[in-house]
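Trainee: Before we start, here is the structure in question, set down as structure tokens.
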Amino acid sequence: MEKELSAFNSQLSTVSERRSETWREELRKSKKNKERADIARVHMPELDPTYRSRVRNEEVNLGLTTEQALLEAQRCLDCANPTCMQGCPVNINIPTFIKYIEKGQFLDAAKTLKETSALPAVCGRVCPQEKQCEAQCIHLKMKKEPVAIGYLERFAADYERESGNISIPEVAAPNGVKIAVVGSGPAGLSFAGDMAKLGYDVTVFEALHEIGGVLKYGIPEFRLPNTIVDVEIDILRKMGVKFLNNCIVGKTISYEDLHTDGFKGIFVASGAGLPNFMNIPGENLVGVMSSNEYLTRVNLMDAANPESDTPVWIGKNVAVIGGGNTAMDSVRTARRLGADRAMIIYRRSEEEMPARVEEVKHAKEEGIEFMTLHNPVEYIGDEFGRVRQMRLQKMELGEPDASGRRRPVPVEGAIETIDVDEVIVSVGVSPNPLVPSAFKGLQVSKWGTIIVDQETMRSDLPDVYAGGDIVRGGATVILAMGDGRKAAAAMDNSLRG
Ligand code: FAD
Ligand code: SF4
């Protein structure tokens, strides 16, 4: 599959210059590697924490200035064997786009990003680069901080958008083959982009009224403004991708309908939108809800506005259960909506938290309290059935479990009770069972994820491929996008025989 993906990349590539180009060689010679490595990593400018914790929609990270980007780009050594690329699931030509930035050709940098990524401005903001490309940067071997690849990606994508010179990737002549995509999150969008470039007639079916999946209904505006997601979706539209919202595949339209309508391939990217609960007493009290419900209502249904049809309760003592990105987004949202005390309740220690390090840092700066090694055992309500208190079991870390993280074990008899008026449960998600049950013959794991061939993302049904959270359970934007790319390469291969 590695070989196929690389052949697929060169098929899609239009601007990526080779490392042997004269300008690249001259740029490399213009500064010694040691000098480059000695430049300190740039810091992302941010909004003041006191101010930002009281305004809902202003983005926290402000983006690099041109001077910062030019300097950071000089840190990249333009390695002959760029290990960073191995850490990028969508195979961005990292050194090329960075060297374009160093040369001041920001629009070419953006074009290079778009050769293999449908969502560079999104990924530059929310991708966990510290665990992906940046974790493989050669600087780490020299005990230096990695090149800020994510910040530079955001810089190039933002520069292009703000300049108004938005390039539309080239698409092949239409081949008339109809392809359906179920779900418009990052997996579906990435797949749609690659298939459109190859000339396919792609339609994305989306159950919600908004296109974008978790990028719109989950991740709040202060991390990822909707307008930025919309610009990247609009590029896909201009490449010929059609979007049909308010259409639930498996209900509004069936698998058989898709065949009748002439779709020759289907990519299922329906995500994992079913929230998990802990099944403890009091979870049904008013004021206890899942983070999915909380964030979707605030982000997509204007529920923070008391005049809206279904406003959310504006809690003053808000507890968010969990330690992932979703928990951080929920607790920071609650703080912005007016919580005096906004707490993370997490049963392990901070070291085991799955949330991005940057999100934890930002949350702390905004006054979020971290009650680690605590686990809720009961919610207590008042006579009106509204949550008023919660009982917390203190925990300690024991031996590592199957995930390799140390298992949290209760400290006997150590229970405390705290006052709360809103609880947001953020303890993981499961795949929505609708598509797996509506597509007869689809093999599903015991967790409800669709089983696919890991190389091709093809399911047991020969015309159905799947990727993203519906295959992985809750994962990340970039892994979902990588699946979309793999599936597009394999489906194209199969359709062309
Ligand atoms: P989704 O983004 O979930 O999209 C699936 C889409 O399919 C949805 O729009 C859904 O409405 C639609 N759909 C479902 N069923 C049907 C159907 N039957 N018919 C039609 N449409 C259907 N990852 C990161 O990398 N960085 C982060 O900072 C980060 N933060 C996160 C914050 C939150 C609050 C959440 C919830 C997740 C976060 N993640 C983050 C995880 C990341 O967003 C997901 O892993 C990623 O969005 C999965 O992409 P997907 O395309 O598989 O699914
Ligand atoms: Fe540049 Fe680091 Fe990638 Fe080397 S590994 S090409 S230094 S970003």
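Ligands are numbered from 1 in the order shown, residues from 1 within each chain, and chains are lettered A, B, ... in the order they appear in the structure tokens.
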Based on DSSP run over this structure's backbone, return all residues of stretch 334-407 of chain A in strand (DSSP E or B), as a PyMOL selection string.

Mentor: chain A and resi 341-346+369-372+374-381+386-400+406-407

Trainee: To test your reading of the structure, identify every residue in stretch 129-283 of chain A that backbone DSSP assigns to alpha helix (DSSP H), and report it as a VMD selection string.

Mentor: chain A and resid 149 to 163 186 to 197 214 to 217 226 to 238 255 to 260

Trainee: Using 7 Å as the limit and counting only C-alpha atoms and all ligand atoms, can you tabulate each residue of chain A that touches ligand 1, with its shortest atom-to-atom distance in Å and the two atoms involved, as JSON lines?

Mentor:
{"residue": "A:Val126", "atom": "CA", "partner": "ligand 1", "partner_atom_place_in_ligand_line": "28 (O)", "distance": 4.2}
{"residue": "A:Cys127", "atom": "CA", "partner": "ligand 1", "partner_atom_place_in_ligand_line": "25 (O)", "distance": 4.4}
{"residue": "A:Pro128", "atom": "CA", "partner": "ligand 1", "partner_atom_place_in_ligand_line": "25 (O)", "distance": 5.6}
{"residue": "A:Val182", "atom": "CA", "partner": "ligand 1", "partner_atom_place_in_ligand_line": "20 (C)", "distance": 4.9}
{"residue": "A:Gly183", "atom": "CA", "partner": "ligand 1", "partner_atom_place_in_ligand_line": "7 (O)", "distance": 3.2}
{"residue": "A:Ser184", "atom": "CA", "partner": "ligand 1", "partner_atom_place_in_ligand_line": "6 (C)", "distance": 4.9}
{"residue": "A:Gly185", "atom": "CA", "partner": "ligand 1", "partner_atom_place_in_ligand_line": "4 (O)", "distance": 3.4}
{"residue": "A:Pro186", "atom": "CA", "partner": "ligand 1", "partner_atom_place_in_ligand_line": "51 (O)", "distance": 4.1}
{"residue": "A:Ala187", "atom": "CA", "partner": "ligand 1", "partner_atom_place_in_ligand_line": "51 (O)", "distance": 3.7}
{"residue": "A:Gly188", "atom": "CA", "partner": "ligand 1", "partner_atom_place_in_ligand_line": "51 (O)", "distance": 5.4}
{"residue": "A:Phe205", "atom": "CA", "partner": "ligand 1", "partner_atom_place_in_ligand_line": "20 (C)", "distance": 5.1}
{"residue": "A:Glu206", "atom": "CA", "partner": "ligand 1", "partner_atom_place_in_ligand_line": "21 (N)", "distance": 3.8}
{"residue": "A:Ala207", "atom": "CA", "partner": "ligand 1", "partner_atom_place_in_ligand_line": "21 (N)", "distance": 3.9}
{"residue": "A:Leu208", "atom": "CA", "partner": "ligand 1", "partner_atom_place_in_ligand_line": "11 (O)", "distance": 5.1}
{"residue": "A:Ile211", "atom": "CA", "partner": "ligand 1", "partner_atom_place_in_ligand_line": "9 (O)", "distance": 6.5}
{"residue": "A:Gly212", "atom": "CA", "partner": "ligand 1", "partner_atom_place_in_ligand_line": "9 (O)", "distance": 5.8}
{"residue": "A:Gly213", "atom": "CA", "partner": "ligand 1", "partner_atom_place_in_ligand_line": "9 (O)", "distance": 3.1}
{"residue": "A:Val214", "atom": "CA", "partner": "ligand 1", "partner_atom_place_in_ligand_line": "2 (O)", "distance": 3.9}
{"residue": "A:Leu215", "atom": "CA", "partner": "ligand 1", "partner_atom_place_in_ligand_line": "43 (O)", "distance": 6.0}
{"residue": "A:Gly218", "atom": "CA", "partner": "ligand 1", "partner_atom_place_in_ligand_line": "34 (C)", "distance": 3.9}
{"residue": "A:Ile219", "atom": "CA", "partner": "ligand 1", "partner_atom_place_in_ligand_line": "32 (C)", "distance": 4.6}
{"residue": "A:Cys247", "atom": "CA", "partner": "ligand 1", "partner_atom_place_in_ligand_line": "20 (C)", "distance": 5.8}
{"residue": "A:Ile248", "atom": "CA", "partner": "ligand 1", "partner_atom_place_in_ligand_line": "19 (N)", "distance": 3.7}
{"residue": "A:Val249", "atom": "CA", "partner": "ligand 1", "partner_atom_place_in_ligand_line": "19 (N)", "distance": 3.8}
{"residue": "A:Gly250", "atom": "CA", "partner": "ligand 1", "partner_atom_place_in_ligand_line": "18 (N)", "distance": 5.6}
{"residue": "A:Ala269", "atom": "CA", "partner": "ligand 1", "partner_atom_place_in_ligand_line": "52 (O)", "distance": 5.1}
{"residue": "A:Ser270", "atom": "CA", "partner": "ligand 1", "partner_atom_place_in_ligand_line": "7 (O)", "distance": 3.5}
{"residue": "A:Gly271", "atom": "CA", "partner": "ligand 1", "partner_atom_place_in_ligand_line": "53 (O)", "distance": 3.4}
{"residue": "A:Ala272", "atom": "CA", "partner": "ligand 1", "partner_atom_place_in_ligand_line": "3 (O)", "distance": 5.5}
{"residue": "A:Gly273", "atom": "CA", "partner": "ligand 1", "partner_atom_place_in_ligand_line": "3 (O)", "distance": 5.9}
{"residue": "A:Asn292", "atom": "CA", "partner": "ligand 1", "partner_atom_place_in_ligand_line": "36 (C)", "distance": 6.6}
{"residue": "A:Leu295", "atom": "CA", "partner": "ligand 1", "partner_atom_place_in_ligand_line": "34 (C)", "distance": 6.9}
{"residue": "A:Asn325", "atom": "CA", "partner": "ligand 1", "partner_atom_place_in_ligand_line": "30 (N)", "distance": 4.8}
{"residue": "A:Thr326", "atom": "CA", "partner": "ligand 1", "partner_atom_place_in_ligand_line": "34 (C)", "distance": 3.7}
{"residue": "A:Asp329", "atom": "CA", "partner": "ligand 1", "partner_atom_place_in_ligand_line": "34 (C)", "distance": 5.8}
{"residue": "A:Arg356", "atom": "CA", "partner": "ligand 1", "partner_atom_place_in_ligand_line": "28 (O)", "distance": 7.0}
{"residue": "A:Asn432", "atom": "CA", "partner": "ligand 1", "partner_atom_place_in_ligand_line": "15 (N)", "distance": 6.6}
{"residue": "A:Leu434", "atom": "CA", "partner": "ligand 1", "partner_atom_place_in_ligand_line": "18 (N)", "distance": 5.9}
{"residue": "A:Val435", "atom": "CA", "partner": "ligand 1", "partner_atom_place_in_ligand_line": "18 (N)", "distance": 5.3}
{"residue": "A:Gly467", "atom": "CA", "partner": "ligand 1", "partner_atom_place_in_ligand_line": "52 (O)", "distance": 6.3}
{"residue": "A:Gly468", "atom": "CA", "partner": "ligand 1", "partner_atom_place_in_ligand_line": "52 (O)", "distance": 3.3}
{"residue": "A:Asp469", "atom": "CA", "partner": "ligand 1", "partner_atom_place_in_ligand_line": "52 (O)", "distance": 3.9}
{"residue": "A:Ile470", "atom": "CA", "partner": "ligand 1", "partner_atom_place_in_ligand_line": "52 (O)", "distance": 5.9}
{"residue": "A:Gly474", "atom": "CA", "partner": "ligand 1", "partner_atom_place_in_ligand_line": "45 (O)", "distance": 5.2}
{"residue": "A:Ala475", "atom": "CA", "partner": "ligand 1", "partner_atom_place_in_ligand_line": "45 (O)", "distance": 4.0}
{"residue": "A:Thr476", "atom": "CA", "partner": "ligand 1", "partner_atom_place_in_ligand_line": "45 (O)", "distance": 3.5}
{"residue": "A:Val477", "atom": "CA", "partner": "ligand 1", "partner_atom_place_in_ligand_line": "25 (O)", "distance": 3.8}
{"residue": "A:Ile478", "atom": "CA", "partner": "ligand 1", "partner_atom_place_in_ligand_line": "25 (O)", "distance": 5.7}
{"residue": "A:Ala480", "atom": "CA", "partner": "ligand 1", "partner_atom_place_in_ligand_line": "49 (O)", "distance": 5.1}

Trainee: Might you pull out every residue within 12 Å of A:Lys394, with only C-alpha atoms counted and same-chain residues fewer than 3 positions away left off, and present them as a tab-separated table (two decimals) with N, CA, C and O atoms, in the first residue's frame?

Mentor:
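Dumped everything to around39.tsv:
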chain	number	residue	atom	x	y	z
A	345	ILE	N	-12.80	16.21	36.05
A	345	ILE	CA	-12.70	15.09	36.99
A	345	ILE	C	-12.15	13.91	36.19
A	345	ILE	O	-12.81	13.44	35.25
A	346	TYR	N	-10.96	13.45	36.55
A	346	TYR	CA	-10.32	12.40	35.74
A	346	TYR	C	-9.76	11.33	36.67
A	346	TYR	O	-9.12	11.65	37.68
A	347	ARG	N	-10.01	10.08	36.31
A	347	ARG	CA	-9.69	9.00	37.26
A	347	ARG	C	-8.21	8.62	37.29
A	347	ARG	O	-7.77	7.93	38.18
A	348	ARG	N	-7.46	9.02	36.26
A	348	ARG	CA	-6.01	8.74	36.28
A	348	ARG	C	-5.27	10.04	36.62
A	348	ARG	O	-5.90	11.00	37.05
A	349	SER	N	-3.95	10.06	36.38
A	349	SER	CA	-3.21	11.29	36.66
A	349	SER	C	-3.05	12.09	35.37
A	349	SER	O	-3.38	11.60	34.28
A	371	MET	N	-9.21	17.95	38.90
A	371	MET	CA	-9.30	16.97	39.98
A	371	MET	C	-8.93	15.62	39.39
A	371	MET	O	-9.79	14.85	38.97
A	372	THR	N	-7.62	15.37	39.32
A	372	THR	CA	-7.18	14.08	38.79
A	372	THR	C	-7.27	13.04	39.91
A	372	THR	O	-7.44	13.39	41.08
A	373	LEU	N	-7.18	11.76	39.54
A	373	LEU	CA	-7.30	10.64	40.48
A	373	LEU	C	-8.59	10.73	41.30
A	373	LEU	O	-8.61	10.49	42.51
A	374	HIS	N	-9.66	11.11	40.62
A	374	HIS	CA	-11.01	11.14	41.20
A	374	HIS	C	-11.97	10.53	40.20
A	374	HIS	O	-11.84	10.77	38.99
A	375	ASN	N	-12.92	9.78	40.71
A	375	ASN	CA	-13.89	9.13	39.82
A	375	ASN	C	-15.30	9.29	40.40
A	375	ASN	O	-15.49	8.99	41.58
A	376	PRO	N	-16.27	9.77	39.61
A	376	PRO	CA	-17.62	9.91	40.18
A	376	PRO	C	-18.26	8.54	40.45
A	376	PRO	O	-18.09	7.62	39.65
A	377	VAL	N	-18.96	8.44	41.58
A	377	VAL	CA	-19.66	7.19	41.86
A	377	VAL	C	-21.17	7.42	41.97
A	377	VAL	O	-21.96	6.49	41.86
A	391	ARG	N	-20.69	12.52	44.31
A	391	ARG	CA	-19.78	11.80	45.22
A	391	ARG	C	-18.61	11.29	44.39
A	391	ARG	O	-18.81	10.66	43.33
A	397	LEU	N	-2.81	5.08	41.37
A	397	LEU	CA	-2.41	4.33	40.18
A	397	LEU	C	-1.80	2.99	40.58
A	397	LEU	O	-0.94	2.92	41.45
A	408	PRO	N	-6.13	2.86	37.25
A	408	PRO	CA	-6.56	3.57	38.46
A	408	PRO	C	-7.32	2.61	39.40
A	408	PRO	O	-8.19	1.88	38.95
A	409	VAL	N	-6.94	2.60	40.67
A	409	VAL	CA	-7.65	1.74	41.63
A	409	VAL	C	-8.17	2.60	42.78
A	409	VAL	O	-7.50	3.56	43.20
A	410	PRO	N	-9.38	2.27	43.28
A	410	PRO	CA	-9.96	3.10	44.35
A	410	PRO	C	-9.15	3.04	45.65
A	410	PRO	O	-8.63	1.99	46.00
A	411	VAL	N	-9.07	4.16	46.33
A	411	VAL	CA	-8.47	4.19	47.67
A	411	VAL	C	-9.61	3.91	48.64
A	411	VAL	O	-10.58	4.69	48.70
A	412	GLU	N	-9.51	2.82	49.35
A	412	GLU	CA	-10.65	2.38	50.15
A	412	GLU	C	-11.15	3.43	51.14
A	412	GLU	O	-10.34	4.06	51.85
A	413	GLY	N	-12.45	3.68	51.11
A	413	GLY	CA	-13.06	4.59	52.08
A	413	GLY	C	-12.86	6.07	51.77
A	413	GLY	O	-13.37	6.92	52.49
A	414	ALA	N	-12.09	6.39	50.72
A	414	ALA	CA	-11.81	7.81	50.44
A	414	ALA	C	-12.83	8.36	49.45
A	414	ALA	O	-12.65	8.30	48.25
A	415	ILE	N	-13.94	8.85	50.00
A	415	ILE	CA	-15.02	9.40	49.17
A	415	ILE	C	-15.24	10.85	49.60
A	415	ILE	O	-15.26	11.14	50.80
A	416	GLU	N	-15.39	11.74	48.63
A	416	GLU	CA	-15.75	13.12	49.02
A	416	GLU	C	-16.96	13.58	48.20
A	416	GLU	O	-17.22	13.04	47.12
A	417	THR	N	-17.68	14.55	48.75
A	417	THR	CA	-18.87	15.05	48.08
A	417	THR	C	-18.65	16.51	47.73
A	417	THR	O	-18.20	17.28	48.58

Trainee: Can you tell me which residues sit at most 6 Å away from ligand 2, counting only C-alpha atoms and all ligand atoms, written as a list in words?

Mentor: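 What falls inside 6 Å of ligand 2 is Cys76, Leu77, Asp78, Cys79, Pro82, Thr83, Cys84, Pro95, Cys137, Ile138 and Val147 of chain A.
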
Trainee: Have a look at A:Leu198, A:Val357, A:Ser167, A:Arg52 and name the one nearest to A:Asp108; count only C-alpha atoms.

Mentor: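 Looking only at the distances to A:Asp108, the closest residue turns out to be A:Ser167.
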
Trainee: Compile the contact shell of stretch 424-427 of chain A as a compact mmCIF listing (two decimals) with N, CA, C and O atoms, in the first residue's frame: residues with an atom at most 6 Å away, counting only C-alpha atoms, same-chain residues fewer than 2 positions apart removed.

Mentor:
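Once written, result18.txt looks like this:
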# COMPACT_ATOMS: atom_id res chain seq x y z
N VAL A 288 -27.36 16.59 34.01
CA VAL A 288 -26.27 15.66 33.66
C VAL A 288 -26.46 15.31 32.19
O VAL A 288 -27.55 14.89 31.79
N MET A 289 -25.45 15.54 31.38
CA MET A 289 -25.60 15.23 29.95
C MET A 289 -24.25 14.85 29.35
O MET A 289 -23.21 15.05 29.98
N SER A 290 -24.31 14.31 28.14
CA SER A 290 -23.05 13.93 27.48
C SER A 290 -22.40 15.16 26.88
O SER A 290 -23.08 16.16 26.56
N SER A 291 -21.09 15.08 26.67
CA SER A 291 -20.41 16.21 26.02
C SER A 291 -20.90 16.36 24.59
O SER A 291 -20.94 17.47 24.06
N VAL A 320 -16.79 18.28 34.54
CA VAL A 320 -16.70 17.53 33.28
C VAL A 320 -15.91 16.26 33.57
O VAL A 320 -14.80 16.32 34.11
N ILE A 321 -16.51 15.14 33.23
CA ILE A 321 -15.89 13.86 33.55
C ILE A 321 -15.11 13.36 32.35
O ILE A 321 -15.69 13.13 31.28
N GLY A 322 -13.78 13.19 32.49
CA GLY A 322 -12.96 12.68 31.39
C GLY A 322 -11.71 13.52 31.21
O GLY A 322 -11.58 14.60 31.81
N ALA A 327 -13.41 16.44 26.57
CA ALA A 327 -13.60 16.94 27.94
C ALA A 327 -13.05 18.36 28.04
O ALA A 327 -13.69 19.25 28.60

Trainee: Would you pick out the contacts of A:Ile92 at 12 Å or less, using only C-alpha atoms, so that residues sharing its chain but fewer than 2 positions from it are not included, and give the list as a ChimeraX atom specification?

Mentor: /A:5-6,9-10,12-13,16,82-90,94-98,109-120,123-124,132-133,149-150,153,478,481-482,485

Trainee: Those residues with N, CA and C atoms, as a tab-separated table (two decimals), in the first residue's frame please?

Mentor:
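The result, written out as result-v7.tsv:
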chain	number	residue	atom	x	y	z
A	5	LEU	N	0.30	4.32	-2.45
A	5	LEU	CA	-0.03	5.66	-1.99
A	5	LEU	C	0.96	6.67	-2.56
A	6	SER	N	2.23	6.25	-2.67
A	6	SER	CA	3.20	7.18	-3.20
A	6	SER	C	2.97	7.41	-4.71
A	9	ASN	N	0.12	9.73	-4.89
A	9	ASN	CA	0.52	11.11	-4.60
A	9	ASN	C	1.10	11.77	-5.84
A	10	SER	N	1.97	11.03	-6.57
A	10	SER	CA	2.56	11.70	-7.73
A	10	SER	C	1.52	11.94	-8.81
A	12	LEU	N	-1.46	12.92	-8.15
A	12	LEU	CA	-2.20	14.11	-7.74
A	12	LEU	C	-1.32	15.36	-7.69
A	13	SER	N	0.01	15.15	-7.69
A	13	SER	CA	0.92	16.26	-7.44
A	13	SER	C	1.06	17.19	-8.64
A	16	SER	N	4.66	20.24	-6.22
A	16	SER	CA	5.78	19.85	-5.38
A	16	SER	C	7.08	19.80	-6.16
A	82	PRO	N	13.27	12.77	4.83
A	82	PRO	CA	12.48	13.51	5.83
A	82	PRO	C	11.59	12.58	6.66
A	83	THR	N	12.09	12.25	7.84
A	83	THR	CA	11.36	11.31	8.71
A	83	THR	C	10.01	11.87	9.14
A	84	CYS	N	9.90	13.21	9.15
A	84	CYS	CA	8.63	13.84	9.56
A	84	CYS	C	7.48	13.33	8.69
A	85	MET	N	7.77	13.10	7.39
A	85	MET	CA	6.69	12.69	6.47
A	85	MET	C	6.12	11.33	6.84
A	86	GLN	N	6.98	10.49	7.46
A	86	GLN	CA	6.46	9.17	7.87
A	86	GLN	C	5.44	9.30	8.99
A	87	GLY	N	5.50	10.42	9.71
A	87	GLY	CA	4.55	10.62	10.80
A	87	GLY	C	3.28	11.31	10.35
A	88	CYS	N	3.17	11.61	9.05
A	88	CYS	CA	1.98	12.31	8.57
A	88	CYS	C	1.07	11.35	7.81
A	89	PRO	N	-0.10	11.02	8.36
A	89	PRO	CA	-0.97	10.03	7.73
A	89	PRO	C	-1.47	10.44	6.34
A	90	VAL	N	-1.44	11.74	6.00
A	90	VAL	CA	-1.88	12.10	4.65
A	90	VAL	C	-0.68	12.42	3.75
A	94	ILE	N	6.28	17.67	3.56
A	94	ILE	CA	6.59	18.64	4.62
A	94	ILE	C	7.80	19.53	4.28
A	95	PRO	N	8.95	18.94	3.95
A	95	PRO	CA	10.08	19.85	3.69
A	95	PRO	C	9.82	20.80	2.53
A	96	THR	N	9.11	20.33	1.50
A	96	THR	CA	8.86	21.22	0.36
A	96	THR	C	8.01	22.42	0.77
A	97	PHE	N	6.94	22.18	1.53
A	97	PHE	CA	6.10	23.33	1.86
A	97	PHE	C	6.84	24.28	2.81
A	98	ILE	N	7.68	23.70	3.68
A	98	ILE	CA	8.42	24.58	4.61
A	98	ILE	C	9.46	25.39	3.85
A	109	ALA	N	3.56	27.23	-0.96
A	109	ALA	CA	3.53	26.37	0.22
A	109	ALA	C	2.11	25.84	0.42
A	110	ALA	N	1.12	26.73	0.28
A	110	ALA	CA	-0.28	26.30	0.45
A	110	ALA	C	-0.68	25.29	-0.62
A	111	LYS	N	-0.23	25.51	-1.84
A	111	LYS	CA	-0.57	24.56	-2.92
A	111	LYS	C	0.01	23.19	-2.63
A	112	THR	N	1.23	23.18	-2.12
A	112	THR	CA	1.87	21.89	-1.79
A	112	THR	C	1.04	21.15	-0.74
A	113	LEU	N	0.56	21.89	0.25
A	113	LEU	CA	-0.27	21.26	1.29
A	113	LEU	C	-1.51	20.63	0.66
A	114	LYS	N	-2.11	21.36	-0.29
A	114	LYS	CA	-3.39	20.91	-0.85
A	114	LYS	C	-3.25	19.73	-1.82
A	115	GLU	N	-2.00	19.44	-2.19
A	115	GLU	CA	-1.82	18.26	-3.06
A	115	GLU	C	-2.27	17.00	-2.36
A	116	THR	N	-2.05	16.93	-1.04
A	116	THR	CA	-2.38	15.68	-0.35
A	116	THR	C	-3.34	15.88	0.83
A	117	SER	N	-3.66	17.11	1.16
A	117	SER	CA	-4.57	17.33	2.29
A	117	SER	C	-5.73	18.24	1.88
A	118	ALA	N	-6.94	17.77	2.19
A	118	ALA	CA	-8.12	18.58	1.86
A	118	ALA	C	-8.37	19.65	2.92
A	119	LEU	N	-7.70	19.54	4.08
A	119	LEU	CA	-8.05	20.43	5.19
A	119	LEU	C	-6.81	21.00	5.90
A	120	PRO	N	-5.92	21.69	5.17
A	120	PRO	CA	-4.69	22.14	5.85
A	120	PRO	C	-4.93	23.16	6.96
A	123	CYS	N	-6.15	21.10	9.93
A	123	CYS	CA	-5.10	20.28	10.56
A	123	CYS	C	-4.05	21.15	11.25
A	124	GLY	N	-3.74	22.29	10.65
A	124	GLY	CA	-2.76	23.18	11.27
A	124	GLY	C	-3.23	23.64	12.64
A	132	GLN	N	2.48	13.16	15.89
A	132	GLN	CA	2.56	12.71	14.49
A	132	GLN	C	3.87	13.17	13.86
A	133	CYS	N	3.78	14.12	12.90
A	133	CYS	CA	4.98	14.53	12.16
A	133	CYS	C	6.08	15.08	13.07
A	149	ILE	N	5.92	22.25	12.68
A	149	ILE	CA	5.32	21.93	11.38
A	149	ILE	C	3.84	22.37	11.34
A	150	GLY	N	3.14	22.09	12.45
A	150	GLY	CA	1.72	22.44	12.50
A	150	GLY	C	1.49	23.94	12.41
A	153	GLU	N	2.05	24.98	8.90
A	153	GLU	CA	0.94	24.53	8.03
A	153	GLU	C	-0.22	25.52	8.14
A	478	ILE	N	-6.61	13.60	11.81
A	478	ILE	CA	-5.64	13.25	10.78
A	478	ILE	C	-5.65	11.74	10.48
A	481	MET	N	-8.49	11.32	8.20
A	481	MET	CA	-8.16	11.79	6.85
A	481	MET	C	-7.25	10.80	6.13
A	482	GLY	N	-6.31	10.23	6.87
A	482	GLY	CA	-5.41	9.24	6.28
A	482	GLY	C	-6.20	8.04	5.77
A	485	ARG	N	-7.82	8.87	2.49
A	485	ARG	CA	-6.87	8.84	1.36
A	485	ARG	C	-6.58	7.39	0.94

Trainee: Considering only C-alpha atoms, can you say which of A:Phe106, A:Phe263, A:Tyr200, A:Phe243 comes closest to A:Ala156?

Mentor: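 Result for the nearest residue to A:Ala156: A:Phe106.
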
Trainee: Which polymer residues have any atom within 8 Å of an atom of A:Arg386, counting only C-alpha atoms, with same-chain residues fewer than 5 positions away left out, as a PyMOL selection string?

Mentor: chain A and resi 285-287+381+421

Trainee: Since we have the selection now, will you write its residues out, keeping all heavy atoms, as a tab-separated table (two decimals), in the first residue's frame?

Mentor:
chain	number	residue	atom	x	y	z
A	285	LEU	N	-30.39	12.48	36.17
A	285	LEU	CA	-30.85	13.76	36.74
A	285	LEU	C	-30.76	14.88	35.71
A	285	LEU	O	-29.91	14.84	34.80
A	285	LEU	CB	-29.98	14.12	37.95
A	285	LEU	CG	-30.19	13.27	39.21
A	285	LEU	CD1	-29.07	13.53	40.22
A	285	LEU	CD2	-31.55	13.59	39.84
A	286	VAL	N	-31.63	15.88	35.88
A	286	VAL	CA	-31.57	17.04	35.00
A	286	VAL	C	-30.25	17.77	35.28
A	286	VAL	O	-29.87	17.95	36.45
A	286	VAL	CB	-32.76	17.99	35.28
A	286	VAL	CG1	-32.69	19.22	34.39
A	286	VAL	CG2	-34.08	17.25	35.09
A	287	GLY	N	-29.55	18.14	34.23
A	287	GLY	CA	-28.27	18.83	34.40
A	287	GLY	C	-27.08	17.90	34.18
A	287	GLY	O	-25.94	18.36	34.17
A	381	GLY	N	-29.45	14.53	43.52
A	381	GLY	CA	-30.33	15.59	43.03
A	381	GLY	C	-31.16	16.23	44.12
A	381	GLY	O	-31.16	15.78	45.26
A	421	ASP	N	-23.84	21.99	39.78
A	421	ASP	CA	-25.18	22.20	39.23
A	421	ASP	C	-25.24	21.81	37.74
A	421	ASP	O	-26.27	21.99	37.10
A	421	ASP	CB	-25.68	23.64	39.47
A	421	ASP	CG	-24.78	24.68	38.82
A	421	ASP	OD1	-23.72	24.30	38.28
A	421	ASP	OD2	-25.14	25.87	38.85

Trainee: Given the choices A:Ile253, A:Leu479, A:Val360, A:Val471, which gets closest to A:Ile450 if the distance is worked out from only C-alpha atoms?

Mentor: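 Among the listed residues, A:Val471 lies closest to A:Ile450.
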
Trainee: Excluding A:Gln74 and residues on its chain fewer than 3 positions from it, collect all residues at most 7 Å away from it, counting only C-alpha atoms, and give them as a list of chain:residue names.

Mentor: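 So the residues in contact are A:Arg36, A:Leu70, A:Leu71, A:Glu102.
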
Trainee: For atom CA of A:Lys316 and atom CA of A:Met278, determine how far apart the two atoms are, in Å to one decimal place.

Mentor: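 Taking atom CA of A:Lys316 as the start and atom CA of A:Met278 as the end point, the length is 23.1 Å.
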